[in-house]
$ cat final25.csv   # CSV, C-alpha atoms and all ligand atoms
chain,number,residue,atom,x,y,z
X,1,MET,CA,-7.6,53.1,60.0
X,2,THR,CA,-5.5,50.1,59.1
X,3,LEU,CA,-2.1,50.5,57.6
X,4,LYS,CA,-3.5,49.5,54.2
X,5,GLN,CA,-6.5,52.0,54.4
X,6,SER,CA,-4.3,54.8,55.4
X,7,ALA,CA,-1.8,53.9,52.7
X,8,LEU,CA,-4.5,53.9,50.1
X,9,ALA,CA,-6.0,57.2,51.3
X,10,ALA,CA,-2.5,58.7,51.0
X,11,LEU,CA,-2.0,57.3,47.6
X,12,ALA,CA,-5.0,59.1,46.2
X,13,ALA,CA,-3.5,62.4,47.3
X,14,ALA,CA,0.0,61.5,46.3
X,15,VAL,CA,-0.3,60.0,42.9
X,16,GLY,CA,-3.9,60.5,41.7
X,17,ALA,CA,-6.7,58.0,41.8
X,18,GLN,CA,-6.4,56.9,38.2
X,19,ALA,CA,-2.7,55.9,38.3
X,20,GLN,CA,-1.8,52.4,37.3
X,21,LEU,CA,-0.2,50.8,40.3
X,22,PHE,CA,0.2,48.0,42.7
X,23,THR,CA,1.4,48.0,46.2
X,24,VAL,CA,3.6,45.7,48.3
X,25,ASN,CA,2.6,45.9,52.0
X,26,CYS,CA,5.3,44.7,54.4
X,27,SER,CA,5.7,43.9,58.1
X,28,PRO,CA,8.9,45.0,59.8
X,29,LEU,CA,11.8,42.6,59.2
X,30,THR,CA,14.6,44.0,61.4
X,31,GLN,CA,16.3,47.2,62.7
X,32,PHE,CA,20.1,47.3,62.9
X,33,ARG,CA,23.2,49.1,61.6
X,34,GLY,CA,23.2,47.2,58.4
X,35,ASP,CA,23.3,48.5,54.8
X,36,PRO,CA,24.5,46.0,52.2
X,37,ILE,CA,24.4,48.6,49.5
X,38,VAL,CA,26.3,51.5,51.1
X,39,SER,CA,28.3,49.7,53.7
X,40,PRO,CA,28.7,46.1,52.6
X,41,GLY,CA,30.3,43.8,55.1
X,42,ILE,CA,30.5,46.4,57.9
X,43,LEU,CA,28.4,48.3,60.4
X,44,SER,CA,26.5,51.2,58.8
X,45,SER,CA,26.9,54.6,60.4
X,46,HIS,CA,23.3,54.5,61.5
X,47,VAL,CA,20.3,52.1,62.3
X,48,HIS,CA,17.9,51.3,59.5
X,49,ALA,CA,14.3,50.1,59.6
X,50,VAL,CA,14.2,47.2,57.1
X,51,VAL,CA,11.4,45.2,55.4
X,52,GLY,CA,11.3,42.3,52.9
X,53,GLY,CA,13.2,39.2,52.3
X,54,THR,CA,14.8,37.3,55.1
X,55,ALA,CA,18.2,37.1,53.4
X,56,PHE,CA,18.9,40.7,54.6
X,57,SER,CA,22.4,41.0,56.1
X,58,PHE,CA,25.6,43.1,56.0
X,59,ASN,CA,26.3,41.7,52.5
X,60,THR,CA,23.1,40.8,50.8
X,61,THR,CA,23.3,40.8,47.0
X,62,PRO,CA,20.2,40.8,44.8
X,63,ALA,CA,20.9,37.1,43.9
X,64,GLN,CA,21.0,36.2,47.6
X,65,ALA,CA,17.8,38.2,48.2
X,66,ARG,CA,16.0,36.2,45.5
X,67,ALA,CA,17.1,33.0,47.3
X,68,ALA,CA,15.7,34.2,50.6
X,69,THR,CA,13.5,31.6,52.5
X,70,ALA,CA,10.7,34.1,53.3
X,71,THR,CA,9.6,37.7,53.1
X,72,THR,CA,7.7,40.0,55.4
X,73,CYS,CA,5.8,41.4,52.4
X,74,ASP,CA,2.4,40.4,51.1
X,75,LYS,CA,3.6,39.4,47.7
X,76,VAL,CA,5.4,36.1,48.0
X,77,LEU,CA,7.4,36.8,44.9
X,78,ASP,CA,8.9,39.9,46.5
X,79,GLN,CA,12.1,39.0,48.3
X,80,SER,CA,13.4,42.5,47.8
X,81,ASN,CA,14.7,44.6,50.7
X,82,TYR,CA,13.4,48.1,51.3
X,83,TRP,CA,14.9,50.3,54.0
X,84,GLN,CA,15.2,53.8,55.5
X,85,PRO,CA,16.9,55.3,58.6
X,86,GLN,CA,15.1,54.4,61.8
X,87,VAL,CA,13.3,57.2,63.7
X,88,TYR,CA,14.1,58.0,67.4
X,89,HIS,CA,12.5,60.4,69.9
X,90,GLN,CA,15.0,62.6,71.7
X,91,ARG,CA,13.7,63.4,75.2
X,92,THR,CA,14.3,66.6,76.9
X,93,ASP,CA,16.9,64.9,79.1
X,94,GLY,CA,18.8,64.1,75.8
X,95,GLN,CA,18.2,60.4,75.8
X,96,PHE,CA,16.9,58.5,72.8
X,97,GLU,CA,13.8,56.3,72.5
X,98,LEU,CA,13.2,54.1,69.5
X,99,VAL,CA,9.9,55.0,67.8
X,100,THR,CA,8.0,51.8,67.0
X,101,PHE,CA,8.3,51.0,63.3
X,102,GLN,CA,5.0,49.6,62.1
X,103,GLY,CA,5.7,48.4,58.6
X,104,SER,CA,5.7,49.8,55.1
X,105,ALA,CA,3.9,50.1,51.8
X,106,THR,CA,5.9,50.2,48.5
X,107,TYR,CA,4.1,51.4,45.5
X,108,TYR,CA,5.0,50.5,41.9
X,109,ILE,CA,3.4,53.2,39.8
X,110,GLN,CA,3.2,53.9,36.1
X,111,ARG,CA,4.3,57.6,36.0
X,112,ALA,CA,7.2,58.1,33.6
X,113,CYS,CA,8.0,57.4,30.0
X,114,ASP,CA,11.0,56.8,27.8
X,115,TYR,CA,13.0,59.6,26.3
X,116,ALA,CA,12.2,60.2,22.6
X,117,PRO,CA,13.4,63.2,20.5
X,118,GLY,CA,10.7,65.9,20.7
X,119,ARG,CA,8.6,64.1,23.3
X,120,THR,CA,7.2,66.6,25.8
X,121,ASN,CA,4.7,64.5,27.7
X,122,CYS,CA,3.8,60.8,28.3
X,123,ASP,CA,0.3,60.9,26.9
X,124,SER,CA,0.8,58.5,24.0
X,125,ALA,CA,4.1,57.0,25.1
X,126,PRO,CA,4.6,53.3,25.8
X,127,PRO,CA,4.4,52.3,29.5
X,128,PRO,CA,7.5,52.0,31.6
X,129,ILE,CA,9.1,48.6,32.2
X,130,ALA,CA,9.4,47.1,35.6
X,131,PRO,CA,12.6,47.8,37.6
X,132,PRO,CA,15.1,45.3,36.1
X,133,GLN,CA,16.1,42.2,38.0
X,134,GLY,CA,18.8,43.0,40.5
X,135,LEU,CA,18.4,46.8,40.4
X,136,ILE,CA,20.0,48.7,43.3
X,137,MET,CA,19.3,52.4,43.9
X,138,LEU,CA,19.2,55.1,46.6
X,139,VAL,CA,17.3,58.3,46.9
X,140,GLY,CA,17.9,61.1,49.4
X,141,ASP,CA,21.0,62.1,51.2
X,142,LEU,CA,21.9,61.5,54.9
X,143,ASN,CA,23.9,64.8,54.9
X,144,ARG,CA,21.0,67.0,53.9
X,145,ARG,CA,20.0,69.5,56.6
X,146,THR,CA,18.4,72.2,54.3
X,147,PHE,CA,15.9,72.2,51.5
X,148,ASN,CA,16.6,73.2,47.9
X,149,ALA,CA,13.2,73.9,46.3
X,150,SER,CA,14.5,73.3,42.7
X,151,SER,CA,16.0,69.9,43.5
X,152,PHE,CA,13.8,66.9,42.6
X,153,GLU,CA,15.8,64.8,45.0
X,154,ASP,CA,14.9,67.1,47.9
X,155,GLN,CA,11.2,67.2,46.8
X,156,ALA,CA,11.2,63.4,46.7
X,157,ILE,CA,11.3,63.0,50.4
X,158,SER,CA,8.4,64.0,52.7
X,159,HIS,CA,6.6,63.4,56.0
X,160,VAL,CA,2.9,62.9,56.6
X,161,CYS,CA,1.2,63.5,59.9
X,162,ILE,CA,-1.6,60.9,60.4
X,163,ASP,CA,-3.7,62.5,63.0
X,164,PRO,CA,-7.3,63.7,63.6
X,165,ASN,CA,-5.8,67.2,63.5
X,166,PRO,CA,-2.9,66.8,61.0
X,167,VAL,CA,-0.4,69.4,60.0
X,168,PRO,CA,0.4,69.7,56.3
X,169,ASP,CA,2.9,67.3,54.7
X,170,SER,CA,6.4,68.6,54.9
X,171,ASN,CA,9.9,67.8,53.9
X,172,THR,CA,10.9,68.3,57.6
X,173,PHE,CA,9.5,66.2,60.4
X,174,PRO,CA,5.9,67.2,61.3
X,175,SER,CA,5.8,70.3,63.4
X,176,LYS,CA,3.8,68.5,66.2
X,177,GLN,CA,3.3,65.1,67.7
X,178,CYS,CA,1.1,63.0,65.4
X,179,GLN,CA,-0.7,59.8,66.1
X,180,ARG,CA,1.4,58.2,63.4
X,181,MET,CA,4.0,59.5,61.0
X,182,ARG,CA,4.7,58.3,57.5
X,183,SER,CA,8.1,58.9,56.0
X,184,GLU,CA,7.9,58.9,52.2
X,185,THR,CA,10.5,58.5,49.6
X,186,PHE,CA,10.0,58.6,45.8
X,187,PHE,CA,12.8,57.0,43.7
X,188,PRO,CA,14.1,58.2,40.3
X,189,SER,CA,11.9,56.7,37.5
X,190,CYS,CA,14.5,56.8,34.7
X,191,TRP,CA,17.3,54.3,34.1
X,192,ASP,CA,20.4,54.3,31.9
X,193,GLY,CA,19.2,51.0,30.5
X,194,VAL,CA,22.6,49.3,31.2
X,195,ASN,CA,23.8,49.4,34.8
X,196,LEU,CA,22.1,47.8,37.7
X,197,ASP,CA,24.2,49.8,40.1
X,198,SER,CA,26.9,52.5,40.1
X,199,SER,CA,29.5,53.8,42.5
X,200,THR,CA,27.2,56.4,44.0
X,201,HIS,CA,24.2,53.9,43.8
X,202,LYS,CA,22.4,56.9,42.2
X,203,SER,CA,24.1,57.9,38.9
X,204,HIS,CA,22.7,55.0,36.8
X,205,VAL,CA,19.1,56.3,37.5
X,206,ALA,CA,17.7,59.9,37.2
X,207,PHE,CA,14.6,61.9,37.8
X,208,PRO,CA,12.5,62.9,34.7
X,209,ALA,CA,13.8,65.7,32.6
X,210,ILE,CA,10.4,67.0,31.7
X,211,GLY,CA,7.8,66.8,34.4
X,212,ALA,CA,8.3,66.4,38.1
X,213,TYR,CA,10.2,64.3,40.6
X,214,ASN,CA,7.4,61.8,40.5
X,215,GLY,CA,6.7,61.5,36.8
X,216,GLY,CA,7.4,62.7,33.3
X,217,VAL,CA,9.7,62.2,30.3
X,218,CYS,CA,13.1,60.7,31.0
X,219,PRO,CA,16.3,62.5,30.0
X,220,GLN,CA,18.4,61.3,27.0
X,221,SER,CA,21.2,60.3,29.4
X,222,HIS,CA,18.8,57.9,31.2
X,223,PRO,CA,16.3,57.2,28.5
X,224,LYS,CA,14.5,54.1,29.9
X,225,ALA,CA,11.5,54.7,32.1
X,226,ILE,CA,10.9,52.2,34.9
X,227,LEU,CA,7.9,51.9,37.1
X,228,SER,CA,8.3,54.5,39.8
X,229,VAL,CA,9.0,53.1,43.3
X,230,PHE,CA,7.6,55.0,46.2
X,231,TYR,CA,8.0,54.0,49.9
X,232,GLU,CA,5.8,54.8,52.9
X,233,PHE,CA,7.3,53.8,56.3
X,234,PHE,CA,4.9,54.1,59.2
X,235,TYR,CA,5.9,55.0,62.8
X,236,ASP,CA,3.9,55.0,66.0
X,237,THR,CA,4.6,58.5,67.1
X,238,GLY,CA,1.4,58.7,69.1
X,239,SER,CA,2.7,56.5,71.9
X,240,ILE,CA,5.6,58.8,72.7
X,241,GLN,CA,5.4,60.2,76.2
X,242,ASN,CA,6.4,63.8,77.0
X,243,TYR,CA,7.0,64.5,73.3
X,244,ASN,CA,10.1,66.6,72.6
X,245,ARG,CA,11.5,66.0,69.1
X,246,LEU,CA,12.1,63.4,66.5
X,247,VAL,CA,15.5,62.6,65.0
X,248,TYR,CA,16.7,60.2,62.4
X,249,ALA,CA,19.2,57.6,63.4
X,250,ASP,CA,21.9,59.5,61.4
X,251,GLY,CA,21.6,62.4,63.9
X,252,ASP,CA,19.3,64.6,61.9
X,253,ALA,CA,16.6,66.6,63.8
X,254,THR,CA,15.3,68.4,60.8
X,255,GLY,CA,14.0,65.4,58.7
X,256,TYR,CA,15.7,66.6,55.5
X,257,SER,CA,18.2,63.6,55.7
X,258,LEU,CA,15.5,61.1,55.0
X,259,HIS,CA,16.8,58.7,52.4
X,260,ALA,CA,16.0,55.1,51.2
X,261,ASP,CA,17.6,52.1,49.7
X,262,TYR,CA,16.1,49.7,47.1
X,263,LEU,CA,17.5,46.2,46.5
X,264,GLN,CA,15.4,44.5,43.8
X,265,GLY,CA,14.9,40.8,44.8
X,266,TRP,CA,11.8,39.8,42.9
X,267,THR,CA,12.0,36.0,42.3
X,268,ASP,CA,10.0,36.1,39.0
X,269,GLN,CA,10.9,39.0,36.8
X,270,ASN,CA,8.2,38.0,34.2
X,271,ALA,CA,5.5,38.2,36.8
X,272,LEU,CA,6.8,41.6,37.9
X,273,ASN,CA,6.9,42.7,34.3
X,274,ASN,CA,3.3,41.7,33.8
X,275,ALA,CA,1.9,43.0,37.0
X,276,ILE,CA,0.8,46.5,35.8
X,277,ALA,CA,-1.0,45.0,32.9
X,278,THR,CA,-2.7,42.2,34.8
X,279,CYS,CA,-3.1,43.3,38.5
X,280,THR,CA,-4.4,46.9,38.3
X,281,GLY,CA,-8.0,46.4,37.1
X,282,PRO,CA,-11.1,46.7,39.3
X,283,ASN,CA,-10.1,43.7,41.4
X,284,GLY,CA,-6.5,44.8,41.7
X,285,VAL,CA,-4.1,42.1,42.8
X,286,LEU,CA,-7.1,39.8,43.5
X,287,ASP,CA,-7.9,39.6,39.8
X,288,LYS,CA,-7.7,36.0,38.6
X,289,GLY,CA,-5.3,36.9,35.9
X,290,CYS,CA,-2.9,38.9,38.1
X,291,SER,CA,0.6,37.7,37.5
X,292,LEU,CA,1.5,38.0,41.2
X,293,ASN,CA,-1.1,35.4,42.2
X,294,VAL,CA,1.2,32.5,42.9
X,295,GLY,CA,0.8,32.3,46.7
X,296,PRO,CA,-1.4,30.0,48.8
X,297,ASN,CA,-4.9,29.5,47.2
X,298,GLY,CA,-3.9,31.5,44.2
X,299,SER,CA,-3.5,34.7,46.2
X,300,PRO,CA,-0.5,37.1,46.0
X,301,GLY,CA,0.3,36.2,49.6
X,302,SER,CA,0.1,38.0,53.0
X,303,SER,CA,2.5,40.0,55.1
X,304,SER,CA,3.9,38.7,58.4
X,305,PRO,CA,6.9,39.0,60.6
X,306,GLN,CA,9.7,36.6,59.8
X,307,LYS,CA,13.0,35.6,61.3
X,308,LEU,CA,16.2,36.9,59.7
X,309,GLN,CA,18.3,34.0,58.2
X,310,THR,CA,21.5,35.6,59.6
X,311,PRO,CA,20.8,37.0,63.1
X,312,ALA,CA,21.2,40.8,63.6
X,313,PRO,CA,24.2,42.0,65.6
X,314,THR,CA,23.6,42.3,69.3
X,315,GLU,CA,24.2,46.1,69.5
X,316,ASN,CA,21.7,47.8,71.8
X,317,ILE,CA,19.7,50.0,69.5
X,318,GLY,CA,17.0,51.0,72.1
X,319,LEU,CA,14.6,48.1,71.7
X,320,ASN,CA,14.4,47.7,75.5
X,321,GLY,CA,14.4,51.2,76.7
X,322,PRO,CA,16.1,54.6,76.2
X,323,ILE,CA,19.7,54.9,75.2
X,324,SER,CA,22.1,57.7,76.0
X,325,ALA,CA,23.5,58.0,72.4
X,326,LEU,CA,22.3,57.1,68.9
X,327,PRO,CA,23.9,53.8,67.8
X,328,GLY,CA,27.2,54.7,66.1
X,329,ASN,CA,27.4,57.7,68.5
X,330,ASN,CA,26.0,60.0,65.8
X,331,PRO,CA,25.8,63.5,67.3
X,332,ILE,CA,22.7,65.6,66.5
X,333,HIS,CA,23.9,67.8,63.6
Q,401,LIG,C1,19.4,73.3,43.8
Q,401,LIG,O1,19.1,72.3,43.0
Q,401,LIG,C2,19.3,72.6,41.6
Q,401,LIG,C3,18.7,71.5,40.8
Q,401,LIG,O2,19.2,70.3,41.1
Q,401,LIG,C4,20.8,72.8,41.3
Q,401,LIG,O3,21.0,73.2,40.0
Q,401,LIG,C5,21.3,73.9,42.2
Q,401,LIG,O4,22.7,74.0,42.1
Q,401,LIG,C6,20.9,73.6,43.7
Q,401,LIG,N1,21.3,74.8,44.5
Q,401,LIG,C7,22.0,74.7,45.6
Q,401,LIG,C8,22.3,75.9,46.3
Q,401,LIG,O5,22.6,73.6,45.9
$ encode --input "final25.csv" --output "structure tokens"
Amino acid sequence: MTLKQSALAALAAAVGAQAQLFTVNCSPLTQFRGDPIVSPGILSSHVHAVVGGTAFSFNTTPAQARAATATTCDKVLDQSNYWQPQVYHQRTDGQFELVTFQGSATYYIQRACDYAPGRTNCDSAPPPIAPPQGLIMLVGDLNRRTFNASSFEDQAISHVCIDPNPVPDSNTFPSKQCQRMRSETFFPSCWDGVNLDSSTHKSHVAFPAIGAYNGGVCPQSHPKAILSVFYEFFYDTGSIQNYNRLVYADGDATGYSLHADYLQGWTDQNALNNAIATCTGPNGVLDKGCSLNVGPNGSPGSSSPQKLQTPAPTENIGLNGPISALPGNNPIH
């Protein structure tokens, strides 16, 4: 299966075949200890796998992202950056091997609706707006090591085993070695309507108040529904030799610490605003009227590796062989 096929197969299960949505498929951009949202200007505590616009650096702002010279994603208008913690394999001798990051799919999905007094479902509600220009948000928590079944944020992260003999999806890492693993994160779909960011990078957005983590009616505190953003990050876990266990770059061997960062860098907000209405018919993004079709030959574009405009730091993150400690010396905890 290609990345795209497996992403689409997963989608049917994850969000229902009838959902209004479009996807952004991205090649890897870089992996290093950078996080311009949580740790601007300094090394992050852990390595991230990053896709999207080539302006990604220690300090990227949404305005700088929009001015990037290229993107690894297949929609030329999308200079956003999407990232998650990198996955490592910890061998039985304790050393760490970088697991090959293969790329990602980001879904923009119509799943939530605005708060309105007395509204209990989204059946006749107006559709959500696109994430506003410059929106920044996080989902998940790098300190999580347990699961709270009543927490939408805990439910919003999961792992899929892509394998001829898969194990069920789980909030933990899969319980066996899989040909590939997909790390999934579903962002909050409700916005306060005012702030593009907040000190926690979370409190200006919220999960629905009525419904589920992945759709429903927004709370009065965060009344404005936005298109739901859902990431799938793919890893080549099948090529690991003498499989022992997976860990995230933050030192988590459970999988519960999976989290993700969103930095909205679309260069044409109108095109993004119109994408659900114009790109989700039978021909999808290939429809002639699709607002994202501004690339070569009137196509949305295609994904390809690109060079970072500011080179990544030279820290050895394991690209050339096993390393004795996770970058940043994160203990397994
Ligand atoms: C679990 O999550 C719910 C909903 O967010 C929260 O009210 C509750 O306090 C959490 N429980 C624990 C033990 O953290």
$ residues_around --input "final25.csv" --residues "X:Pro282" --least-positions-apart "6" --cutoff "12 Å" --atoms "all atoms listed in the file" --output "PyMOL selection string"
chain X and resi 18+20-22+288-290
$ residues_near_ligand --input "final25.csv" --ligand "ligand LIG 401 (chain Q)" --cutoff "6 Å" --atoms "all atoms listed in the file" --output "short mmCIF file (atom, residue, chain, number, x, y, z; two decimals) with C-alpha atoms, in the frame of the given file"
data_model
loop_
_atom_site.label_atom_id
_atom_site.label_comp_id
_atom_site.auth_asym_id
_atom_site.auth_seq_id
_atom_site.Cartn_x
_atom_site.Cartn_y
_atom_site.Cartn_z
CA ASN X 148 16.60 73.20 47.90
CA SER X 150 14.50 73.30 42.70
CA SER X 151 16.00 69.90 43.50
#
$ closest_residue --input "final25.csv" --among "X:Pro36, X:Pro128, X:Gly94, X:Gly140" --to "X:Gly255" --atoms "all atoms listed in the file"
X:Gly140
$ closest_residue --input "final25.csv" --among "X:Gly301, X:Gly216, X:Pro322, X:Pro28" --to "X:Ala125" --atoms "only C-alpha atoms"
X:Gly216
$ closest_atom_pairs --input "final25.csv" --of "stretch 63-132 of chain X" --to "stretch 37-50 of chain X" --cutoff "12 Å" --atoms "all atoms listed in the file" --output "JSON lines"
{"residue": "X:Thr71", "atom": "CA", "partner": "X:Val50", "partner_atom": "CA", "distance": 11.3}
{"residue": "X:Thr72", "atom": "CA", "partner": "X:Val50", "partner_atom": "CA", "distance": 9.8}
{"residue": "X:Cys73", "atom": "CA", "partner": "X:Val50", "partner_atom": "CA", "distance": 11.2}
{"residue": "X:Ser80", "atom": "CA", "partner": "X:Val50", "partner_atom": "CA", "distance": 10.5}
{"residue": "X:Asn81", "atom": "CA", "partner": "X:Val50", "partner_atom": "CA", "distance": 6.9}
{"residue": "X:Tyr82", "atom": "CA", "partner": "X:Val50", "partner_atom": "CA", "distance": 5.9}
{"residue": "X:Trp83", "atom": "CA", "partner": "X:Val50", "partner_atom": "CA", "distance": 4.4}
{"residue": "X:Gln84", "atom": "CA", "partner": "X:His48", "partner_atom": "CA", "distance": 5.4}
{"residue": "X:Pro85", "atom": "CA", "partner": "X:His48", "partner_atom": "CA", "distance": 4.2}
{"residue": "X:Gln86", "atom": "CA", "partner": "X:His48", "partner_atom": "CA", "distance": 4.8}
{"residue": "X:Val87", "atom": "CA", "partner": "X:Ala49", "partner_atom": "CA", "distance": 8.3}
{"residue": "X:Tyr88", "atom": "CA", "partner": "X:Val47", "partner_atom": "CA", "distance": 10.0}
{"residue": "X:Leu98", "atom": "CA", "partner": "X:Val47", "partner_atom": "CA", "distance": 10.3}
{"residue": "X:Val99", "atom": "CA", "partner": "X:Ala49", "partner_atom": "CA", "distance": 10.5}
{"residue": "X:Thr100", "atom": "CA", "partner": "X:Ala49", "partner_atom": "CA", "distance": 9.9}
{"residue": "X:Phe101", "atom": "CA", "partner": "X:Ala49", "partner_atom": "CA", "distance": 7.1}
{"residue": "X:Gln102", "atom": "CA", "partner": "X:Ala49", "partner_atom": "CA", "distance": 9.6}
{"residue": "X:Gly103", "atom": "CA", "partner": "X:Val50", "partner_atom": "CA", "distance": 8.7}
{"residue": "X:Ser104", "atom": "CA", "partner": "X:Val50", "partner_atom": "CA", "distance": 9.1}
{"residue": "X:Ala105", "atom": "CA", "partner": "X:Val50", "partner_atom": "CA", "distance": 11.9}
$ residues_around --input "final25.csv" --residues "X:Pro166" --least-positions-apart "6" --cutoff "10 Å" --atoms "all atoms listed in the file" --output "list in words"
Val160, Pro174, Ser175, Lys176, Gln177, Cys178, Gln179 and Arg180 of chain X
$ write_last_selection --input "final25.csv" --atoms "C-alpha atoms" --output "compact mmCIF listing (two decimals), in the coordinates of the input"
# COMPACT_ATOMS: atom_id res chain seq x y z
CA VAL X 160 2.90 62.90 56.60
CA PRO X 174 5.90 67.20 61.30
CA SER X 175 5.80 70.30 63.40
CA LYS X 176 3.80 68.50 66.20
CA GLN X 177 3.30 65.10 67.70
CA CYS X 178 1.10 63.00 65.40
CA GLN X 179 -0.70 59.80 66.10
CA ARG X 180 1.40 58.20 63.40
$ residues_around --input "final25.csv" --residues "X:Arg111" --least-positions-apart "5" --cutoff "8 Å" --atoms "only C-alpha atoms" --output "ChimeraX atom specification"
/X:19,128,189,214-216,227-228
$ atom_distance --input "final25.csv" --atom1 "atom CA of X:Tyr235" --atom2 "atom CA of X:Ala55"
23.7 Å
